[in-house]
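Asker: My structure file model-v8.pdb, PDB, C-alpha atoms and all ligand atoms, is below:
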ATOM      1  CA  MET A   1     -43.556   6.570  41.826
ATOM      2  CA  ALA A   2     -41.680   7.433  38.664
ATOM      3  CA  SER A   3     -38.538   5.389  38.301
ATOM      4  CA  SER A   4     -36.362   5.462  35.235
ATOM      5  CA  VAL A   5     -35.923   2.307  33.177
ATOM      6  CA  ALA A   6     -32.244   2.262  34.106
ATOM      7  CA  GLU A   7     -33.213   2.074  37.768
ATOM      8  CA  ILE A   8     -35.792  -0.677  37.245
ATOM      9  CA  CYS A   9     -33.937  -2.872  34.778
ATOM     10  CA  PRO A  10     -30.366  -1.649  34.196
ATOM     11  CA  THR A  11     -29.864  -4.118  31.340
ATOM     12  CA  GLY A  12     -33.324  -3.542  29.867
ATOM     13  CA  LEU A  13     -34.269  -6.990  31.097
ATOM     14  CA  CYS A  14     -35.083  -8.273  34.527
ATOM     15  CA  GLU A  15     -36.069 -11.634  35.869
ATOM     16  CA  SER A  16     -39.498 -10.465  37.051
ATOM     17  CA  SER A  17     -40.618  -8.796  33.825
ATOM     18  CA  ASP A  18     -39.159 -11.660  31.804
ATOM     19  CA  LEU A  19     -41.101 -14.242  33.843
ATOM     20  CA  ILE A  20     -44.431 -12.435  33.490
ATOM     21  CA  LEU A  21     -43.964 -11.619  29.796
ATOM     22  CA  SER A  22     -42.939 -15.171  28.920
ATOM     23  CA  PHE A  23     -46.202 -16.265  30.564
ATOM     24  CA  VAL A  24     -48.380 -13.641  28.876
ATOM     25  CA  ASN A  25     -46.779 -14.451  25.508
ATOM     26  CA  THR A  26     -47.322 -18.224  25.849
ATOM     27  CA  ARG A  27     -48.729 -19.754  22.668
ATOM     28  CA  ASN A  28     -50.786 -22.884  22.210
ATOM     29  CA  ALA A  29     -48.184 -25.329  20.858
ATOM     30  CA  ASP A  30     -50.702 -26.701  18.301
ATOM     31  CA  THR A  31     -52.593 -23.678  17.059
ATOM     32  CA  GLY A  32     -50.135 -20.839  17.702
ATOM     33  CA  GLN A  33     -52.970 -18.902  19.351
ATOM     34  CA  PRO A  34     -52.138 -16.826  22.449
ATOM     35  CA  GLY A  35     -52.372 -18.666  25.750
ATOM     36  CA  PRO A  36     -52.086 -22.355  26.571
ATOM     37  CA  SER A  37     -55.876 -22.826  25.928
ATOM     38  CA  GLY A  38     -56.266 -26.459  26.911
ATOM     39  CA  ASN A  39     -52.813 -27.233  25.618
ATOM     40  CA  ARG A  40     -50.715 -28.779  28.348
ATOM     41  CA  ALA A  41     -47.535 -28.786  26.259
ATOM     42  CA  GLY A  42     -47.592 -24.986  25.971
ATOM     43  CA  LEU A  43     -47.970 -24.578  29.726
ATOM     44  CA  ALA A  44     -45.356 -27.262  30.471
ATOM     45  CA  GLU A  45     -42.895 -25.391  28.247
ATOM     46  CA  TRP A  46     -43.426 -22.180  30.196
ATOM     47  CA  LEU A  47     -43.169 -24.033  33.528
ATOM     48  CA  ALA A  48     -39.765 -25.381  32.509
ATOM     49  CA  ARG A  49     -38.710 -21.861  31.544
ATOM     50  CA  ALA A  50     -39.966 -20.622  34.930
ATOM     51  CA  GLY A  51     -37.580 -23.067  36.585
ATOM     52  CA  ARG A  52     -40.259 -25.587  37.568
ATOM     53  CA  THR A  53     -38.376 -28.734  36.728
ATOM     54  CA  GLU A  54     -39.580 -31.004  39.543
ATOM     55  CA  ARG A  55     -39.573 -34.497  38.111
ATOM     56  CA  ASP A  56     -43.046 -35.296  39.454
ATOM     57  CA  LEU A  57     -44.586 -32.096  38.063
ATOM     58  CA  VAL A  58     -48.005 -32.941  36.634
ATOM     59  CA  VAL A  59     -49.840 -30.437  34.448
ATOM     60  CA  THR A  60     -53.594 -31.029  34.469
ATOM     61  CA  ASN A  61     -56.333 -29.629  32.256
ATOM     62  CA  ALA A  62     -57.509 -27.635  35.289
ATOM     63  CA  ASP A  63     -54.036 -26.033  35.366
ATOM     64  CA  THR A  64     -54.342 -24.886  31.761
ATOM     65  CA  VAL A  65     -57.779 -23.399  32.535
ATOM     66  CA  ALA A  66     -56.292 -21.578  35.545
ATOM     67  CA  ALA A  67     -53.346 -20.444  33.387
ATOM     68  CA  ASP A  68     -55.688 -19.086  30.706
ATOM     69  CA  GLU A  69     -57.700 -17.153  33.308
ATOM     70  CA  LEU A  70     -54.579 -15.694  34.871
ATOM     71  CA  ARG A  71     -53.098 -14.847  31.494
ATOM     72  CA  SER A  72     -56.203 -13.032  30.254
ATOM     73  CA  THR A  73     -56.341 -11.150  33.571
ATOM     74  CA  PHE A  74     -52.772  -9.917  33.043
ATOM     75  CA  VAL A  75     -53.671  -8.981  29.454
ATOM     76  CA  THR A  76     -56.589  -6.844  30.705
ATOM     77  CA  ILE A  77     -54.312  -5.059  33.189
ATOM     78  CA  PHE A  78     -51.546  -4.542  30.606
ATOM     79  CA  ARG A  79     -54.032  -3.203  28.064
ATOM     80  CA  ALA A  80     -55.104  -0.701  30.711
ATOM     81  CA  HIS A  81     -51.407   0.207  31.216
ATOM     82  CA  ALA A  82     -51.241   0.977  27.482
ATOM     83  CA  GLY A  83     -54.264   3.246  27.833
ATOM     84  CA  CYS A  84     -56.636   0.985  25.929
ATOM     85  CA  ALA A  85     -58.682  -0.729  28.630
ATOM     86  CA  ASP A  86     -61.747  -2.531  27.274
ATOM     87  CA  SER A  87     -63.916  -1.046  30.036
ATOM     88  CA  ASP A  88     -63.673   0.023  33.670
ATOM     89  CA  THR A  89     -65.678  -3.081  34.577
ATOM     90  CA  SER A  90     -63.245  -5.480  32.931
ATOM     91  CA  VAL A  91     -60.335  -3.792  34.730
ATOM     92  CA  SER A  92     -62.025  -3.948  38.132
ATOM     93  CA  GLU A  93     -63.002  -7.577  37.475
ATOM     94  CA  ALA A  94     -59.364  -8.344  36.635
ATOM     95  CA  GLU A  95     -58.228  -6.641  39.849
ATOM     96  CA  ALA A  96     -60.804  -8.562  41.902
ATOM     97  CA  TYR A  97     -59.623 -11.798  40.292
ATOM     98  CA  LEU A  98     -55.996 -11.056  41.210
ATOM     99  CA  HIS A  99     -57.034 -10.328  44.822
ATOM    100  CA  ARG A 100     -58.843 -13.675  44.970
ATOM    101  CA  ILE A 101     -56.010 -15.747  43.562
ATOM    102  CA  ALA A 102     -53.497 -14.085  45.891
ATOM    103  CA  GLU A 103     -55.134 -16.237  48.601
ATOM    104  CA  ARG A 104     -54.905 -19.337  46.410
ATOM    105  CA  TYR A 105     -51.184 -18.824  45.686
ATOM    106  CA  PRO A 106     -49.760 -17.391  48.931
ATOM    107  CA  LEU A 107     -46.298 -15.816  49.192
ATOM    108  CA  ILE A 108     -43.774 -15.903  52.026
ATOM    109  CA  ALA A 109     -41.470 -13.007  52.934
ATOM    110  CA  LYS A 110     -37.866 -14.249  52.831
ATOM    111  CA  ILE A 111     -35.871 -11.776  54.883
ATOM    112  CA  SER A 112     -32.093 -11.553  55.051
ATOM    113  CA  THR A 113     -29.468  -8.940  55.854
ATOM    114  CA  ASP A 114     -29.601  -7.863  52.187
ATOM    115  CA  GLY A 115     -33.327  -7.271  52.048
ATOM    116  CA  CYS A 116     -36.577  -9.073  51.571
ATOM    117  CA  THR A 117     -37.988 -11.080  48.700
ATOM    118  CA  LEU A 118     -41.371 -12.724  48.307
ATOM    119  CA  VAL A 119     -41.328 -16.390  47.361
ATOM    120  CA  PRO A 120     -44.210 -18.782  46.635
ATOM    121  CA  ALA A 121     -45.352 -20.865  49.621
ATOM    122  CA  GLN A 122     -46.186 -23.786  47.327
ATOM    123  CA  THR A 123     -44.283 -25.928  44.842
ATOM    124  CA  GLY A 124     -45.381 -27.338  41.484
ATOM    125  CA  VAL A 125     -47.853 -25.504  39.267
ATOM    126  CA  PRO A 126     -49.402 -23.449  42.131
ATOM    127  CA  GLY A 127     -45.841 -22.400  43.039
ATOM    128  CA  ALA A 128     -45.255 -21.263  39.451
ATOM    129  CA  PHE A 129     -48.429 -19.137  39.488
ATOM    130  CA  GLY A 130     -47.313 -17.782  42.880
ATOM    131  CA  SER A 131     -43.970 -16.791  41.349
ATOM    132  CA  LEU A 132     -45.891 -14.611  38.854
ATOM    133  CA  LEU A 133     -47.544 -12.773  41.745
ATOM    134  CA  ALA A 134     -44.153 -12.400  43.462
ATOM    135  CA  ALA A 135     -42.712 -10.988  40.221
ATOM    136  CA  ALA A 136     -45.617  -8.503  40.011
ATOM    137  CA  ALA A 137     -44.951  -7.388  43.605
ATOM    138  CA  ASP A 138     -41.230  -7.021  42.852
ATOM    139  CA  LEU A 139     -41.876  -4.905  39.735
ATOM    140  CA  ALA A 140     -44.473  -2.783  41.523
ATOM    141  CA  ALA A 141     -42.016  -2.109  44.377
ATOM    142  CA  ARG A 142     -39.438  -0.895  41.817
ATOM    143  CA  GLY A 143     -41.904   1.220  39.850
ATOM    144  CA  GLY A 144     -41.964  -1.090  36.845
ATOM    145  CA  TRP A 145     -45.424  -2.653  37.030
ATOM    146  CA  SER A 146     -47.162  -0.005  34.924
ATOM    147  CA  ARG A 147     -44.507  -0.491  32.229
ATOM    148  CA  LEU A 148     -45.840  -3.950  31.425
ATOM    149  CA  LYS A 149     -48.151  -3.441  28.451
ATOM    150  CA  VAL A 150     -49.846  -5.257  25.612
ATOM    151  CA  CYS A 151     -49.046  -4.088  22.071
ATOM    152  CA  LYS A 152     -51.736  -1.790  20.687
ATOM    153  CA  HIS A 153     -51.399  -3.185  17.155
ATOM    154  CA  PRO A 154     -54.843  -4.783  16.506
ATOM    155  CA  THR A 155     -53.475  -8.171  15.450
ATOM    156  CA  CYS A 156     -50.314  -8.359  17.572
ATOM    157  CA  HIS A 157     -51.289  -8.438  21.278
ATOM    158  CA  THR A 158     -47.730  -9.216  22.366
ATOM    159  CA  GLY A 159     -46.889  -8.359  25.964
ATOM    160  CA  PHE A 160     -43.813  -6.120  26.323
ATOM    161  CA  PHE A 161     -41.848  -4.059  28.828
ATOM    162  CA  ASP A 162     -42.079  -0.381  27.903
ATOM    163  CA  LYS A 163     -38.505   0.937  27.886
ATOM    164  CA  THR A 164     -39.351   4.470  26.771
ATOM    165  CA  ARG A 165     -38.068   7.250  29.017
ATOM    166  CA  ASN A 166     -41.503   8.676  29.814
ATOM    167  CA  SER A 167     -43.341   5.346  29.762
ATOM    168  CA  SER A 168     -45.345   6.303  26.655
ATOM    169  CA  GLY A 169     -44.678   3.206  24.523
ATOM    170  CA  LEU A 170     -47.690   1.572  22.870
ATOM    171  CA  TYR A 171     -46.162  -1.025  20.559
ATOM    172  CA  CYS A 172     -44.046  -4.110  21.206
ATOM    173  CA  SER A 173     -41.647  -3.290  18.360
ATOM    174  CA  THR A 174     -40.771  -0.547  15.886
ATOM    175  CA  ALA A 175     -42.277  -2.817  13.190
ATOM    176  CA  CYS A 176     -45.725  -2.691  14.870
ATOM    177  CA  GLY A 177     -45.398   1.040  15.568
ATOM    178  CA  SER A 178     -44.464   1.983  11.985
ATOM    179  CA  GLN A 179     -47.207  -0.229  10.527
ATOM    180  CA  MET A 180     -49.740   1.612  12.663
ATOM    181  CA  SER A 181     -48.437   5.073  11.782
ATOM    182  CA  MET A 182     -48.510   4.059   8.097
ATOM    183  CA  ARG A 183     -52.153   3.015   8.517
ATOM    184  CA  ALA A 184     -53.013   6.278  10.242
ATOM    185  CA  TYR A 185     -51.241   8.191   7.451
ATOM    186  CA  ARG A 186     -53.177   6.311   4.733
ATOM    187  CA  SER A 187     -56.496   6.866   6.447
ATOM    188  CA  ARG A 188     -55.706  10.590   6.780
ATOM    189  CA  LEU A 189     -55.004  10.720   3.031
ATOM    190  CA  LYS A 190     -58.255   8.886   2.300
ATOM    191  CA  ASN A 191     -60.337  11.108   4.567
ATOM    192  CA  GLY A 192     -58.487  14.347   3.974
TER     193      GLY A 192
HETATM  194 ZN    ZN A 201     -46.767  -5.655  18.384
END
Give the structure from this file in structure tokens form.

Answerer:
Amino acid sequence: MASSVAEICPTGLCESSDLILSFVNTRNADTGQPGPSGNRAGLAEWLARAGRTERDLVVTNADTVAADELRSTFVTIFRAHAGCADSDTSVSEAEAYLHRIAERYPLIAKISTDGCTLVPAQTGVPGAFGSLLAAAADLAARGGWSRLKVCKHPTCHTGFFDKTRNSSGLYCSTACGSQMSMRAYRSRLKNG
């Protein structure tokens, strides 16, 4: 299904893509490396942003491990969306992982006269991971899932929503894109 960006996210931003990208772009609060990686503060920060503000919310080390796994799975899928999948095996492993965790973080269909939305069946951290799956389902239903990509710049790796008309964007920003075309230009000069 080819939907235009205006149809998917009229303002260029939507809650679902924002939720997933804020998760994929989580940084370890101590090292600045991508992902929470054993850092509960980084995950707690994202949970607050995801609206998980239950007072008794406890973030365990197991949660950060689960978050890292889920995050790297999304990264594999989004790299594939940008046309630079590591291998077919890693993509099918990522898909199999997402199928498995869909059972761990179930969703409920909330139906009203206006339509139907999927909401997590659980609260707390599992509920937050469930909300990522619900956001993926929402984007996929509106034709926006394949627009979630990871920047192709070799040292950037930032997740972004591709707003180009024909869904051909490869870089998170014009800065990353122009750096890469400058590199390609220099290497052409060197080799030419
Ligand atoms: Zn970038």

Asker: Please identify every polymer residue within 10 Å of ligand ZN 201 (chain A), using all atoms listed in the file, and present the set as a list in words.

Answerer: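 Based on all atoms listed in the file, ligand ZN 201 (chain A) is surrounded within 10 Å by Val150, Cys151, Lys152, His153, Pro154, Thr155, Cys156, His157, Thr158, Gly159, Phe160, Leu170, Tyr171, Cys172, Ser173, Thr174, Ala175, Cys176, Gly177, Gln179 and Met180 of chain A.
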
Asker: Could you expand the PyMOL selection byres (((chain A and resi 61) around 12) and not hetatm) into the explicit residues it covers here, written as a VMD selection string?

Answerer: chain A and resid 36 to 44 58 to 60 62 to 68 125

Asker: Given the choices A:Arg52, A:Arg165, A:Arg188, A:Arg27, which gets closest to A:Thr123 if the distance is worked out from only C-alpha atoms?

Answerer: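 Checking each of A:Arg52, A:Arg165, A:Arg188, A:Arg27 against A:Thr123, counting only C-alpha atoms, the winner is A:Arg52.
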
Asker: Restricting the calculation to all atoms listed in the file, which member of A:Ala82, A:Val91, A:Leu148, A:Ile108 is positioned closest to A:Gln122?

Answerer: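 Between A:Ala82, A:Val91, A:Leu148, A:Ile108, the residue approaching A:Gln122 most closely is A:Ile108.
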
Asker: In Å, rounded to a single decimal, give me how far atom CA of A:Ser4 is from atom CA of A:Arg49.

Answerer: 27.7 Å

Asker: So which one's closest to A:Pro106, A:Val5, A:Ser131, A:Ala141, A:Gly83? Using all atoms listed in the file, please.

Answerer: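 Closest to A:Pro106, using all atoms listed in the file: A:Ser131.
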
Asker: Taking all atoms of stretch 110-117 of chain A that the file lists and extending 5 Å past them on each side, where is the centre of the axis-aligned box and how long are its edges? Answer in Å to one decimal, as AutoDock Vina command-line options.

Answerer:
--center_x -33.7 --center_y -10.8 --center_z 52.3 --size_x 18.5 --size_y 17.0 --size_z 17.2

Asker: In Å to one decimal, how far is atom CA of A:Leu57 from atom CA of A:Leu139?

Answerer: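 Between these atoms lies a distance of 27.4 Å.
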
Asker: Skipping near chain neighbours, those fewer than 4 positions away, what residues fall within 9 Å of A:Leu70 using only C-alpha atoms, listed as an mmCIF file with C-alpha atoms, in the coordinates of the input?

Answerer:
data_model
loop_
_atom_site.group_PDB
_atom_site.id
_atom_site.type_symbol
_atom_site.label_atom_id
_atom_site.label_comp_id
_atom_site.auth_asym_id
_atom_site.auth_seq_id
_atom_site.Cartn_x
_atom_site.Cartn_y
_atom_site.Cartn_z
ATOM 1 C CA VAL A 24 -48.380 -13.641 28.876
ATOM 2 C CA VAL A 65 -57.779 -23.399 32.535
ATOM 3 C CA ALA A 66 -56.292 -21.578 35.545
ATOM 4 C CA PHE A 74 -52.772 -9.917 33.043
ATOM 5 C CA VAL A 75 -53.671 -8.981 29.454
ATOM 6 C CA ALA A 94 -59.364 -8.344 36.635
ATOM 7 C CA TYR A 97 -59.623 -11.798 40.292
ATOM 8 C CA LEU A 98 -55.996 -11.056 41.210
ATOM 9 C CA ILE A 101 -56.010 -15.747 43.562
ATOM 10 C CA PHE A 129 -48.429 -19.137 39.488
#

Asker: Which residue, A:Gly143, A:Gly51, A:Gly192, A:Pro126, has the smallest gap to A:Leu107 when you use all atoms listed in the file?

Answerer: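 Looking only at the distances to A:Leu107, the closest residue turns out to be A:Pro126.
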
Asker: Considering all atoms listed in the file, can you say which of A:Glu45, A:Ala140, A:Ser92, A:Gly124 comes closest to A:Ser22?

Answerer: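 Ranked by minimum distance to A:Ser22, first place goes to A:Glu45.
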
Asker: Return the single residue from A:Pro120, A:Asp86, A:His81, A:Lys149 that is closest to A:Leu21, with distances computed using only C-alpha atoms.

Answerer: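 Nearest to A:Leu21: A:Lys149.
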
Asker: Go ahead and compute the interatomic distance for atom CA of A:Ala102 and atom CA of A:Ala137, in Å to one decimal.

Answerer: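 Atom CA of A:Ala137 lies 11.1 Å from atom CA of A:Ala102.
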
Asker: Starting from the shown file, work through the PyMOL selection byres (((chain A and resi 136) around 8) and not hetatm) and note down what comes out as a PyMOL selection string.

Answerer: chain A and resi 16-17+20+132-135+137-140+145

Asker: Mind completing stretch 95-110 of chain A with N, CA, C and O atoms? Output as an mmCIF file, in the frame of the given file, please?

Answerer:
data_model
loop_
_atom_site.group_PDB
_atom_site.id
_atom_site.type_symbol
_atom_site.label_atom_id
_atom_site.label_comp_id
_atom_site.auth_asym_id
_atom_site.auth_seq_id
_atom_site.Cartn_x
_atom_site.Cartn_y
_atom_site.Cartn_z
ATOM 1 N N GLU A 95 -58.845 -6.931 38.538
ATOM 2 C CA GLU A 95 -58.228 -6.641 39.849
ATOM 3 C C GLU A 95 -58.815 -7.540 40.933
ATOM 4 O O GLU A 95 -58.087 -8.091 41.762
ATOM 5 N N ALA A 96 -60.149 -7.715 40.907
ATOM 6 C CA ALA A 96 -60.804 -8.562 41.902
ATOM 7 C C ALA A 96 -60.316 -10.004 41.773
ATOM 8 O O ALA A 96 -60.078 -10.687 42.773
ATOM 9 N N TYR A 97 -60.115 -10.439 40.528
ATOM 10 C CA TYR A 97 -59.623 -11.798 40.292
ATOM 11 C C TYR A 97 -58.224 -11.969 40.895
ATOM 12 O O TYR A 97 -57.930 -12.954 41.566
ATOM 13 N N LEU A 98 -57.364 -10.976 40.671
ATOM 14 C CA LEU A 98 -55.996 -11.056 41.210
ATOM 15 C C LEU A 98 -56.001 -11.069 42.740
ATOM 16 O O LEU A 98 -55.183 -11.740 43.370
ATOM 17 N N HIS A 99 -56.933 -10.310 43.351
ATOM 18 C CA HIS A 99 -57.034 -10.328 44.822
ATOM 19 C C HIS A 99 -57.422 -11.724 45.302
ATOM 20 O O HIS A 99 -56.871 -12.228 46.274
ATOM 21 N N ARG A 100 -58.382 -12.338 44.570
ATOM 22 C CA ARG A 100 -58.843 -13.675 44.970
ATOM 23 C C ARG A 100 -57.741 -14.706 44.857
ATOM 24 O O ARG A 100 -57.540 -15.517 45.758
ATOM 25 N N ILE A 101 -57.010 -14.694 43.740
ATOM 26 C CA ILE A 101 -56.010 -15.747 43.562
ATOM 27 C C ILE A 101 -54.771 -15.532 44.436
ATOM 28 O O ILE A 101 -53.988 -16.442 44.644
ATOM 29 N N ALA A 102 -54.616 -14.319 44.965
ATOM 30 C CA ALA A 102 -53.497 -14.085 45.891
ATOM 31 C C ALA A 102 -53.656 -14.979 47.129
ATOM 32 O O ALA A 102 -52.667 -15.362 47.753
ATOM 33 N N GLU A 103 -54.906 -15.326 47.465
ATOM 34 C CA GLU A 103 -55.134 -16.237 48.601
ATOM 35 C C GLU A 103 -54.864 -17.683 48.185
ATOM 36 O O GLU A 103 -54.437 -18.502 48.988
ATOM 37 N N ARG A 104 -55.114 -17.969 46.907
ATOM 38 C CA ARG A 104 -54.905 -19.337 46.410
ATOM 39 C C ARG A 104 -53.415 -19.642 46.250
ATOM 40 O O ARG A 104 -52.979 -20.778 46.376
ATOM 41 N N TYR A 105 -52.623 -18.629 45.909
ATOM 42 C CA TYR A 105 -51.184 -18.824 45.686
ATOM 43 C C TYR A 105 -50.397 -17.924 46.640
ATOM 44 O O TYR A 105 -49.808 -16.911 46.227
ATOM 45 N N PRO A 106 -50.377 -18.290 47.939
ATOM 46 C CA PRO A 106 -49.760 -17.391 48.931
ATOM 47 C C PRO A 106 -48.242 -17.229 48.757
ATOM 48 O O PRO A 106 -47.585 -18.096 48.194
ATOM 49 N N LEU A 107 -47.735 -16.114 49.259
ATOM 50 C CA LEU A 107 -46.298 -15.816 49.192
ATOM 51 C C LEU A 107 -45.732 -15.708 50.610
ATOM 52 O O LEU A 107 -46.449 -15.356 51.542
ATOM 53 N N ILE A 108 -44.454 -16.003 50.735
ATOM 54 C CA ILE A 108 -43.774 -15.903 52.026
ATOM 55 C C ILE A 108 -42.685 -14.837 51.904
ATOM 56 O O ILE A 108 -41.982 -14.791 50.878
ATOM 57 N N ALA A 109 -42.544 -14.007 52.942
ATOM 58 C CA ALA A 109 -41.470 -13.007 52.934
ATOM 59 C C ALA A 109 -40.177 -13.682 53.384
ATOM 60 O O ALA A 109 -40.098 -14.244 54.470
ATOM 61 N N LYS A 110 -39.170 -13.653 52.502
ATOM 62 C CA LYS A 110 -37.866 -14.249 52.831
ATOM 63 C C LYS A 110 -36.923 -13.087 53.148
ATOM 64 O O LYS A 110 -36.516 -12.347 52.249
#
